[in-house]
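As provided, query_1.cif (mmCIF, C-alpha atoms) reads as follows.
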```cif
data_work
loop_
_atom_site.label_atom_id
_atom_site.label_comp_id
_atom_site.auth_asym_id
_atom_site.auth_seq_id
_atom_site.Cartn_x
_atom_site.Cartn_y
_atom_site.Cartn_z
CA MET E 1 27.48 7.78 -37.14
CA MET E 2 25.66 11.00 -36.39
CA ILE E 3 21.93 10.63 -36.37
CA THR E 4 20.38 13.61 -38.07
CA HIS E 5 17.68 15.03 -35.86
CA ALA E 6 17.36 18.14 -37.98
CA THR E 7 14.21 17.16 -39.77
CA ASN E 8 11.46 19.64 -40.33
CA SER E 9 8.68 17.08 -40.27
CA PHE E 10 7.58 18.13 -36.77
CA SER E 11 5.42 21.07 -37.74
CA ASP E 12 2.83 23.02 -35.80
CA PRO E 13 -0.17 20.80 -36.71
CA VAL E 14 1.72 17.72 -35.53
CA LEU E 15 2.56 19.40 -32.22
CA VAL E 16 -1.09 20.34 -31.77
CA ARG E 17 -2.11 16.71 -32.23
CA TYR E 18 0.25 15.59 -29.50
CA LEU E 19 -1.04 18.33 -27.18
CA ALA E 20 -4.63 17.27 -27.90
CA LEU E 21 -3.75 13.66 -27.07
CA GLY E 22 -2.21 14.79 -23.80
CA ALA E 23 -5.36 16.74 -22.94
CA VAL E 24 -7.58 13.74 -23.75
CA LEU E 25 -5.53 11.43 -21.52
CA PHE E 26 -5.55 14.00 -18.73
CA SER E 27 -9.32 14.34 -18.77
CA ILE E 28 -9.88 10.58 -18.92
CA GLY E 29 -7.69 10.30 -15.83
CA LEU E 30 -9.69 13.10 -14.20
CA VAL E 31 -12.93 11.20 -14.79
CA GLY E 32 -11.46 8.15 -13.12
CA PHE E 33 -10.12 10.21 -10.24
CA MET E 34 -13.53 11.65 -9.49
CA ALA E 35 -15.79 8.72 -10.27
CA ARG E 36 -14.01 5.62 -8.96
CA ARG E 37 -14.58 4.59 -5.36
CA ASN E 38 -11.65 2.20 -4.98
CA MET E 39 -8.67 4.02 -3.44
CA ILE E 40 -6.16 2.12 -5.60
CA MET E 41 -8.07 3.07 -8.74
CA ILE E 42 -8.08 6.72 -7.71
CA PHE E 43 -4.29 6.71 -7.57
CA LEU E 44 -4.03 4.75 -10.80
CA SER E 45 -6.11 7.49 -12.46
CA THR E 46 -3.63 10.13 -11.31
CA GLU E 47 -0.91 8.15 -13.08
CA ILE E 48 -2.89 8.49 -16.33
CA MET E 49 -2.98 12.25 -15.75
CA PHE E 50 0.80 12.25 -15.16
CA GLN E 51 1.36 10.56 -18.50
CA GLY E 52 -0.86 13.04 -20.32
CA VAL E 53 1.36 15.81 -18.96
CA ALA E 54 4.51 13.91 -19.91
CA ILE E 55 3.35 13.72 -23.53
CA ASN E 56 3.00 17.51 -23.58
CA LEU E 57 6.51 17.99 -22.20
CA ILE E 58 8.15 15.57 -24.62
CA ALA E 59 6.26 17.02 -27.59
CA PHE E 60 7.41 20.54 -26.75
CA SER E 61 10.93 19.22 -26.23
CA ARG E 62 10.83 17.80 -29.76
CA TYR E 63 9.28 20.96 -31.19
CA TYR E 64 11.84 23.36 -29.74
CA HIS E 65 14.84 20.98 -30.08
CA ASN E 66 15.42 21.46 -26.37
CA ALA E 67 16.31 18.83 -23.78
CA ASP E 68 14.58 20.72 -20.95
CA GLY E 69 11.29 18.95 -21.60
CA GLN E 70 12.92 15.54 -21.28
CA SER E 71 14.65 16.64 -18.08
CA PHE E 72 11.28 17.67 -16.66
CA VAL E 73 9.89 14.24 -17.50
CA ILE E 74 12.72 12.67 -15.49
CA PHE E 75 11.62 14.75 -12.51
CA LEU E 76 7.99 13.93 -13.20
CA LEU E 77 8.81 10.22 -13.10
CA THR E 78 10.63 10.74 -9.79
CA VAL E 79 7.61 12.45 -8.27
CA ALA E 80 5.29 9.78 -9.70
CA ALA E 81 7.37 7.00 -8.17
CA ALA E 82 7.51 8.76 -4.78
CA GLU E 83 3.77 9.41 -4.94
CA ALA E 84 3.02 5.79 -5.81
CA SER E 85 5.09 4.39 -2.94
CA LEU E 86 3.70 6.78 -0.34
CA ALA E 87 0.11 6.58 -1.58
CA LEU E 88 0.11 2.80 -1.68
CA GLY E 89 1.59 2.68 1.82
CA LEU E 90 -1.26 4.89 2.96
CA VAL E 91 -3.78 2.70 1.14
CA ILE E 92 -2.43 -0.39 2.90
CA MET E 93 -2.69 1.38 6.26
CA LEU E 94 -6.24 2.56 5.59
CA TYR E 95 -7.22 -0.90 4.38
CA ARG E 96 -5.99 -2.41 7.65
CA GLN E 97 -8.14 0.04 9.59
CA ARG E 98 -11.49 -0.57 7.90
CA GLN E 99 -10.96 -3.76 5.86
CA THR E 100 -12.24 -2.06 2.73
CA LEU E 101 -10.83 0.03 -0.11
CA ASN E 102 -14.00 2.05 -0.48
CA VAL E 103 -13.31 5.76 0.00
CA ASP E 104 -16.86 6.21 1.27
CA ALA E 105 -15.82 4.26 4.36
CA TRP E 106 -13.82 7.32 5.34
CA SER E 107 -16.62 9.86 4.90
CA ASP E 108 -16.51 10.56 8.63
CA LEU E 109 -13.25 12.44 8.03
CA GLN E 110 -15.19 15.36 6.54
CA GLY E 111 -16.41 16.23 10.03
CA MET A 1 -17.71 28.05 -31.82
CA ASP A 2 -16.39 24.94 -33.41
CA TYR A 3 -19.35 22.61 -33.64
CA PRO A 4 -17.66 19.45 -35.02
CA LEU A 5 -15.13 19.61 -32.20
CA ILE A 6 -17.85 20.10 -29.62
CA ILE A 7 -19.82 17.18 -31.04
CA ALA A 8 -16.77 14.93 -30.96
CA THR A 9 -16.00 15.91 -27.36
CA ALA A 10 -19.61 15.40 -26.33
CA CYS A 11 -19.62 11.96 -27.98
CA GLY A 12 -16.51 11.08 -25.99
CA ALA A 13 -18.17 12.28 -22.80
CA ILE A 14 -21.31 10.23 -23.42
CA ALA A 15 -19.21 7.19 -24.28
CA LEU A 16 -17.14 7.43 -21.11
CA TYR A 17 -20.27 8.06 -19.04
CA LEU A 18 -21.90 4.91 -20.40
CA MET A 19 -18.74 2.87 -19.96
CA MET A 20 -18.25 3.74 -16.31
CA PRO A 21 -18.93 0.75 -14.04
CA ARG A 22 -22.61 0.50 -13.28
CA ALA A 23 -25.28 -2.03 -12.52
CA GLN A 24 -26.56 -2.33 -16.10
CA GLY A 25 -23.82 -4.15 -18.00
CA TRP A 26 -25.21 -3.84 -21.51
CA LEU A 27 -24.74 -0.08 -21.55
CA VAL A 28 -20.98 -0.62 -21.66
CA LYS A 29 -21.13 -1.99 -25.20
CA LEU A 30 -23.24 0.96 -26.32
CA GLY A 31 -20.69 3.26 -24.69
CA ALA A 32 -17.82 1.57 -26.52
CA LEU A 33 -19.70 1.99 -29.81
CA ILE A 34 -20.23 5.71 -29.16
CA GLY A 35 -16.58 5.95 -28.16
CA VAL A 36 -15.49 4.59 -31.54
CA LEU A 37 -17.82 7.14 -33.12
CA ALA A 38 -16.25 9.92 -31.05
CA LEU A 39 -12.72 8.88 -32.05
CA ALA A 40 -13.70 8.69 -35.72
CA SER A 41 -15.36 12.12 -35.68
CA GLY A 42 -12.36 13.55 -33.84
CA LEU A 43 -10.05 12.12 -36.47
CA SER A 44 -12.07 13.54 -39.36
CA TYR A 45 -12.19 16.88 -37.57
CA LEU A 46 -8.39 16.83 -37.19
CA THR A 47 -7.87 16.18 -40.88
CA HIS A 48 -10.26 18.94 -41.86
CA TRP A 49 -8.73 21.32 -39.32
CA ALA A 50 -5.18 20.72 -40.54
CA SER A 51 -6.13 21.38 -44.17
CA VAL A 52 -7.87 24.66 -43.27
CA ALA A 53 -5.52 26.00 -40.60
CA PHE A 54 -2.20 24.96 -42.10
CA PRO A 55 -2.73 24.61 -45.84
CA ALA A 56 1.00 24.86 -46.52
CA GLN A 57 1.99 22.09 -44.13
CA HIS A 58 -0.97 19.84 -44.68
CA ALA A 59 1.14 17.07 -46.18
CA ALA A 60 3.41 16.87 -43.11
CA GLY A 61 1.14 14.77 -40.95
CA PRO A 62 2.33 12.78 -37.97
CA GLY A 63 2.15 9.49 -39.83
CA VAL A 64 0.26 6.29 -39.21
CA PHE A 65 2.25 5.27 -36.12
CA PHE A 66 1.07 8.32 -34.21
CA TYR A 67 -2.55 7.46 -34.86
CA ALA A 68 -2.03 3.80 -33.97
CA PHE A 69 -0.29 4.56 -30.67
CA ALA A 70 -2.71 7.37 -29.81
CA LEU A 71 -5.67 5.08 -30.45
CA ILE A 72 -4.21 2.35 -28.22
CA ALA A 73 -3.37 4.90 -25.52
CA ILE A 74 -6.84 6.46 -25.44
CA ALA A 75 -8.67 3.13 -25.62
CA SER A 76 -6.61 1.56 -22.86
CA ALA A 77 -6.87 4.70 -20.70
CA ALA A 78 -10.64 4.34 -21.00
CA GLY A 79 -10.17 0.68 -20.09
CA VAL A 80 -8.24 1.62 -16.94
CA VAL A 81 -10.92 4.01 -15.82
CA CYS A 82 -13.89 1.83 -16.75
CA HIS A 83 -12.95 -1.75 -15.93
CA PRO A 84 -14.68 -2.99 -12.78
CA LYS A 85 -11.76 -5.21 -11.71
CA PRO A 86 -8.66 -3.33 -10.53
CA ILE A 87 -6.23 -5.98 -11.69
CA TYR A 88 -7.44 -5.65 -15.28
CA SER A 89 -7.25 -1.89 -14.95
CA ALA A 90 -3.60 -2.27 -13.99
CA LEU A 91 -2.98 -4.43 -17.06
CA TYR A 92 -4.70 -1.85 -19.29
CA PHE A 93 -2.41 0.71 -17.69
CA VAL A 94 0.63 -1.31 -18.80
CA LEU A 95 -0.77 -1.30 -22.34
CA MET A 96 -1.23 2.46 -22.20
CA THR A 97 2.31 2.92 -20.92
CA LEU A 98 3.69 0.84 -23.80
CA ALA A 99 1.72 2.90 -26.34
CA ILE A 100 2.98 6.14 -24.81
CA ALA A 101 6.54 4.80 -24.86
CA GLY A 102 6.00 4.23 -28.59
CA LEU A 103 4.90 7.86 -28.95
CA PHE A 104 8.06 8.96 -27.11
CA LEU A 105 10.13 6.96 -29.60
CA LEU A 106 8.39 8.86 -32.40
CA LEU A 107 9.29 12.08 -30.58
CA MET A 108 12.98 11.06 -30.52
CA ALA A 109 13.04 10.67 -26.75
CA GLU A 110 14.46 7.14 -26.78
CA PHE A 111 15.85 7.26 -23.26
CA ILE A 112 12.58 8.53 -21.79
CA ALA A 113 10.70 5.79 -23.62
CA VAL A 114 12.90 3.09 -22.08
CA VAL A 115 12.78 4.72 -18.65
CA LEU A 116 9.00 4.96 -18.88
CA ILE A 117 8.72 1.23 -19.55
CA ILE A 118 11.17 0.31 -16.77
CA ILE A 119 9.74 2.63 -14.11
CA TYR A 120 6.04 2.65 -14.97
CA ALA A 121 5.40 -0.75 -16.51
CA GLY A 122 8.02 -2.30 -14.29
CA ALA A 123 8.34 -0.74 -10.86
CA ILE A 124 5.20 1.32 -10.26
CA LEU A 125 2.78 -1.17 -11.79
CA VAL A 126 4.32 -4.07 -9.87
CA THR A 127 3.72 -2.06 -6.69
CA TYR A 128 0.12 -1.43 -7.71
CA VAL A 129 -0.46 -5.08 -8.52
CA PHE A 130 1.02 -6.11 -5.16
CA VAL A 131 -1.28 -3.74 -3.32
CA ILE A 132 -4.30 -4.86 -5.35
CA MET A 133 -3.51 -8.48 -4.48
CA LEU A 134 -2.86 -7.66 -0.81
CA ALA A 135 -5.89 -5.50 -0.27
CA SER A 136 -8.53 -7.33 -2.28
CA PRO A 137 -10.97 -8.82 0.21
CA THR A 138 -11.83 -11.73 -2.02
CA GLY A 139 -8.91 -12.30 -4.34
CA VAL A 140 -8.64 -11.78 -8.05
CA ALA A 141 -10.79 -14.59 -9.29
CA ALA A 142 -13.84 -13.53 -7.29
CA ALA A 143 -16.50 -11.23 -8.66
CA ALA A 144 -15.82 -7.52 -8.39
CA VAL A 145 -16.82 -5.98 -5.10
CA ASP A 146 -19.61 -3.48 -4.83
CA TYR A 147 -17.55 -0.32 -4.75
CA ASP A 148 -15.80 -1.37 -7.94
CA ARG A 149 -18.92 -2.43 -9.79
CA ILE A 150 -20.76 0.85 -9.33
CA SER A 151 -18.91 4.14 -9.71
CA ALA A 152 -19.57 7.06 -7.43
CA ASP A 153 -20.84 9.97 -9.48
CA PRO A 154 -20.05 9.42 -13.15
CA LEU A 155 -22.26 12.21 -14.48
CA VAL A 156 -20.61 15.00 -12.48
CA ALA A 157 -17.14 13.62 -13.09
CA VAL A 158 -17.65 13.30 -16.85
CA LEU A 159 -19.26 16.74 -17.11
CA VAL A 160 -16.45 18.50 -15.25
CA SER A 161 -13.65 16.68 -17.07
CA PHE A 162 -15.07 17.06 -20.54
CA LEU A 163 -15.95 20.72 -20.03
CA LEU A 164 -12.28 21.18 -19.21
CA LEU A 165 -11.26 19.08 -22.22
CA GLY A 166 -13.60 20.95 -24.56
CA THR A 167 -12.24 24.30 -23.40
CA VAL A 168 -8.63 23.21 -23.80
CA LEU A 169 -9.18 21.68 -27.25
CA GLU A 170 -11.24 24.63 -28.48
CA THR A 171 -8.51 27.04 -27.39
CA LEU A 172 -5.80 24.87 -28.88
CA PHE A 173 -7.41 24.34 -32.26
CA THR A 174 -8.71 27.91 -32.61
CA HIS A 175 -5.58 29.76 -31.60
CA ALA A 176 -2.78 27.44 -32.70
CA PRO A 177 -2.77 28.82 -36.29
CA HIS A 178 -2.49 32.41 -35.00
CA GLY A 179 0.75 32.39 -33.07
CA PHE A 180 -0.61 30.74 -29.93
CA ILE A 181 2.49 28.55 -29.86
CA ALA A 182 5.74 30.52 -29.77
CA PRO A 183 7.73 29.89 -32.94
CA VAL A 184 10.97 27.96 -32.89
CA ALA A 185 13.94 30.31 -32.48
CA ALA A 186 15.93 31.02 -35.61
CA GLY A 187 19.11 29.38 -34.35
CA ALA A 188 17.36 26.22 -33.23
CA ALA A 189 17.63 24.46 -36.56
CA ALA A 190 21.39 24.99 -36.57
CA HIS A 191 21.99 23.17 -33.31
CA ALA A 192 19.22 20.68 -33.88
CA ALA A 193 21.76 18.06 -34.91
CA HIS A 194 23.25 18.14 -31.41
CA TRP A 195 19.94 18.19 -29.64
CA GLY A 196 18.55 14.72 -29.35
CA GLY A 197 19.69 11.62 -27.62
CA LEU A 198 20.96 10.64 -24.24
CA ALA A 199 24.14 12.73 -24.31
CA ALA A 200 22.28 16.03 -24.54
CA LEU A 201 19.83 14.97 -21.85
CA GLY A 202 22.63 13.95 -19.48
CA LYS A 203 24.50 17.17 -20.11
CA ASN A 204 21.35 19.15 -19.45
CA LEU A 205 20.57 17.26 -16.26
CA TYR A 206 24.07 17.55 -14.84
CA SER A 207 24.76 21.16 -15.80
CA ARG A 208 21.55 23.12 -15.74
CA TYR A 209 19.52 20.98 -13.36
CA THR A 210 22.15 19.65 -10.98
CA LEU A 211 20.47 20.90 -7.82
CA PRO A 212 16.98 19.66 -8.80
CA LEU A 213 18.50 16.30 -9.67
CA GLU A 214 20.07 16.03 -6.22
CA LEU A 215 16.78 17.13 -4.67
CA ALA A 216 15.03 14.38 -6.63
CA GLY A 217 17.37 11.91 -4.96
CA VAL A 218 16.53 13.38 -1.56
CA LEU A 219 12.84 13.12 -2.41
CA MET A 220 13.22 9.45 -3.29
CA THR A 221 15.03 8.76 -0.01
CA ILE A 222 12.40 10.58 2.03
CA SER A 223 9.55 8.76 0.31
CA LEU A 224 11.32 5.44 0.84
CA VAL A 225 11.60 6.09 4.57
CA GLY A 226 8.05 7.45 4.66
CA ALA A 227 6.59 4.41 2.93
CA VAL A 228 8.31 2.08 5.39
CA VAL A 229 7.08 4.12 8.37
CA ILE A 230 3.52 4.34 7.05
CA ALA A 231 3.15 0.69 6.13
CA ARG A 232 4.71 -0.72 9.30
CA LYS A 233 2.40 -2.53 11.67
CA ASN A 234 2.36 -1.49 15.34
CA SER A 235 5.21 0.95 15.09
CA PRO A 236 5.66 3.45 17.94
CA HIS A 237 4.40 6.08 15.55
CA THR A 238 1.07 4.38 14.90
CA GLN A 239 0.64 3.65 18.60
CA MET A 240 1.24 7.30 19.34
CA LEU A 241 -1.58 8.19 16.96
CA GLY A 242 -3.90 5.75 18.63
CA LEU A 243 -3.81 3.41 15.64
CA GLY A 244 -1.90 0.74 17.47
CA ASP A 245 -4.54 -1.92 17.73
CA VAL A 246 -4.83 -2.64 14.07
CA PRO A 247 -6.33 -6.01 13.26
CA THR A 248 -3.74 -8.49 12.08
CA GLU A 249 -4.32 -10.42 8.89
#
```

I'd like the structure from this file rewritten - as C-alpha cells, please.
Amino acid sequence: MMITHATNSFSDPVLVRYLALGAVLFSIGLVGFMARRNMIMIFLSTEIMFQGVAINLIAFSRYYHNADGQSFVIFLLTVAAAEASLALGLVIMLYRQRQTLNVDAWSDLQG
Amino acid sequence: MDYPLIIATACGAIALYLMMPRAQGWLVKLGALIGVLALASGLSYLTHWASVAFPAQHAAGPGVFFYAFALIAIASAAGVVCHPKPIYSALYFVLMTLAIAGLFLLLMAEFIAVVLIIIYAGAILVTYVFVIMLASPTGVAAAAVDYDRISADPLVAVLVSFLLLGTVLETLFTHAPHGFIAPVAAGAAAHAAHWGGLAALGKNLYSRYTLPLELAGVLMTISLVGAVVIARKNSPHTQMLGLGDVPTE
C-alpha cells in the first residue's frame, strides 16, 4: 500500500509555527548554557539547542518534500553523539583533577 | 514593532529568569505561573497572526497534537535548564526528546523519530546519567550542591538569549507572509508521493551524501578512540601532560 504523502495541509503558517518552536528551544538551551555552573548541565543545554535545530531541518524537509533535511538530521545526531562522548570524557577528567563539577573551579584557565 | 509578540517573549524571559536555580525557592512557582502566562499569550498571538497574515489558509492549522507536543517540549526544556538536580534535568530531557519525536512523527519523519528516541533517549542520556552518577560528590539522594542550587548569571543569560529569540521571532512573523520563505517548487507536488519514508532517506544518504556518510563513520571512530584516551587514568598521554598524579577514587 502506498502511503499518500501528497497532502497540502503543511502550509506556510504551520511551517512558521515549527520554526518558532525551534527558536524557542534553541534560546532556552542558550540560557542554560550560559547560566548553569555544572559542566554536565552546560553540555546537556547544548543538546537542547541541537534539538531545536533538528526541528527546523525536519520541518523544512516536510515543507519542500525533500529528504535532504532528514539526511542532515542524521549527521546532526552523529555529531551530537560524538560531542557527548568526548565532552563527557573531558568532564570526567576535569572532575578527577579538582573533585568538583563547578566551571568556576577552572577560572584560572583564563590567565 | 509587534507589541503582543514582544510582550509574550518578555513574559517568557521573566519566567525563565525567575525559574533559574537560586537561593529563594518560592520565586520558582511565580516564574512557572508567568511562564504559563507567556505560553498562553504566545498561543493567542499565533492564532491572531495566522488569521491576519494568511487569511486564505487560516483553517489549515497544525492540529491539536502539535500544540500538545510543543507544550511538553517547551515545558520540559525549561525543566532541564531550571532544575537544581542534574539527574532530574536528565529525566526532563528524556521527556523533551519524546515530545520532539512525536513532532517528527507529525512531520512524517518516522525513521528520524525512532532514531531520535534510540540515540538520544537511549544512548546519549544513559551516558549523561552515568557521568552524573559518577561525578556527583554526594550521590543522587543528597541535597543539591552549591553550584547547582545557584546559577551563575541568570540575568545576562536570559537577556542575551531572549533578545536573540525576540529578533528571530519578529523577523519570522513579520516577513513570512511576504515571501521570506521560498515557495515550494512547482514540480514538488508531483513527486511528493515518492518523497517520504525510509526508502527515500536511504537513497538520498547513499547517493547524494555517500562521502559525508562515510566521514560520519570516521568521526564516530575518532571520537570513540578520543573518549577512551581522554577518560583513561594514568595513561602515558596524561603523564606527558603532567596530569599523571590524578587522585584515585

Legend entry - Interface, chain A side, toward chain E (7 Å; only C-alpha atoms) as JSON, numbers by chain: {"A": [50, 60, 61, 62, 70, 74, 77, 78, 81, 86, 107, 124, 131, 135, 147, 148, 151, 152, 153, 154, 157, 158, 161, 162, 165, 169, 184, 188, 189, 192, 193, 195, 196, 200, 201, 204, 205, 216, 220, 223, 226, 227, 230, 231, 246, 247]}

May I have a table of the residues of region 78-190 of chain A lying at most 6 Å from region 8-24 of chain A, giving each one's closest pair of atoms and their distance in Å to one decimal, counting all atoms listed in the file, ordered by chain and ascending residue number, as a Markdown table?
```
| residue | atom | partner | partner_atom | distance |
| --- | --- | --- | --- | --- |
| A:Cys82 | CA | A:Met20 | CA | 4.8 |
| A:Pro84 | CA | A:Pro21 | CA | 5.8 |
| A:Arg149 | CA | A:Pro21 | CA | 5.3 |
| A:Ile150 | CA | A:Arg22 | CA | 4.4 |
| A:Ser151 | CA | A:Pro21 | CA | 5.5 |
```

Legend entry - Distance in Å - CA of Ser44 (chain A) versus CA of Thr97 (chain A):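 Answer for the CA of Ser44 (chain A) to CA of Thr97 (chain A) separation: 25.7 Å.
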
Legend entry - Atomic distance CA of Ala176 (chain A) - CA of Thr46 (chain E), expressed in Å with one decimal: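 Straight-line distance from CA of Ala176 (chain A) to CA of Thr46 (chain E) works out to 27.5 Å.
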
Inset, instruction - Between CA of Ala123 (chain A) and CA of Val218 (chain A), measure the distance and give it in Å to one decimal. - result: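 Spanning CA of Ala123 (chain A) to CA of Val218 (chain A) is a straight-line distance of 18.8 Å.
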
Inset, instruction - Go through A:Ala101, A:Ala90, A:Met96, A:Leu116 one by one, measure the shortest atom-to-atom distance of each to Met133 (chain A) using only C-alpha atoms, and give the residue with the smallest value. - result: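 Answer, going by the shortest atom-to-atom distance: A:Ala90.
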
Legend entry - Near-Val114 (chain A) list (9 Å; all atoms listed in the file; drop same-chain fewer than 5 positions) as JSON, numbers by chain: {"A": [101, 105, 109, 119]}

Legend entry - Target residues per the PyMOL selection byres ((chain A and resi 99) around 9), formatted as JSON, numbers by chain: {"A": [68, 69, 70, 71, 72, 73, 94, 95, 96, 97, 98, 100, 101, 102, 103, 104]}

Could you take the residues named above and write them with C-alpha atoms, as an mmCIF file, keeping the file's coordinate frame?
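So the final result, stored in part.cif, reads:
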```cif
data_model
loop_
_atom_site.group_PDB
_atom_site.id
_atom_site.type_symbol
_atom_site.label_atom_id
_atom_site.label_comp_id
_atom_site.auth_asym_id
_atom_site.auth_seq_id
_atom_site.Cartn_x
_atom_site.Cartn_y
_atom_site.Cartn_z
ATOM 1 C CA ALA A 68 -2.030 3.800 -33.970
ATOM 2 C CA PHE A 69 -0.290 4.560 -30.670
ATOM 3 C CA ALA A 70 -2.710 7.370 -29.810
ATOM 4 C CA LEU A 71 -5.670 5.080 -30.450
ATOM 5 C CA ILE A 72 -4.210 2.350 -28.220
ATOM 6 C CA ALA A 73 -3.370 4.900 -25.520
ATOM 7 C CA VAL A 94 0.630 -1.310 -18.800
ATOM 8 C CA LEU A 95 -0.770 -1.300 -22.340
ATOM 9 C CA MET A 96 -1.230 2.460 -22.200
ATOM 10 C CA THR A 97 2.310 2.920 -20.920
ATOM 11 C CA LEU A 98 3.690 0.840 -23.800
ATOM 12 C CA ILE A 100 2.980 6.140 -24.810
ATOM 13 C CA ALA A 101 6.540 4.800 -24.860
ATOM 14 C CA GLY A 102 6.000 4.230 -28.590
ATOM 15 C CA LEU A 103 4.900 7.860 -28.950
ATOM 16 C CA PHE A 104 8.060 8.960 -27.110
#
```
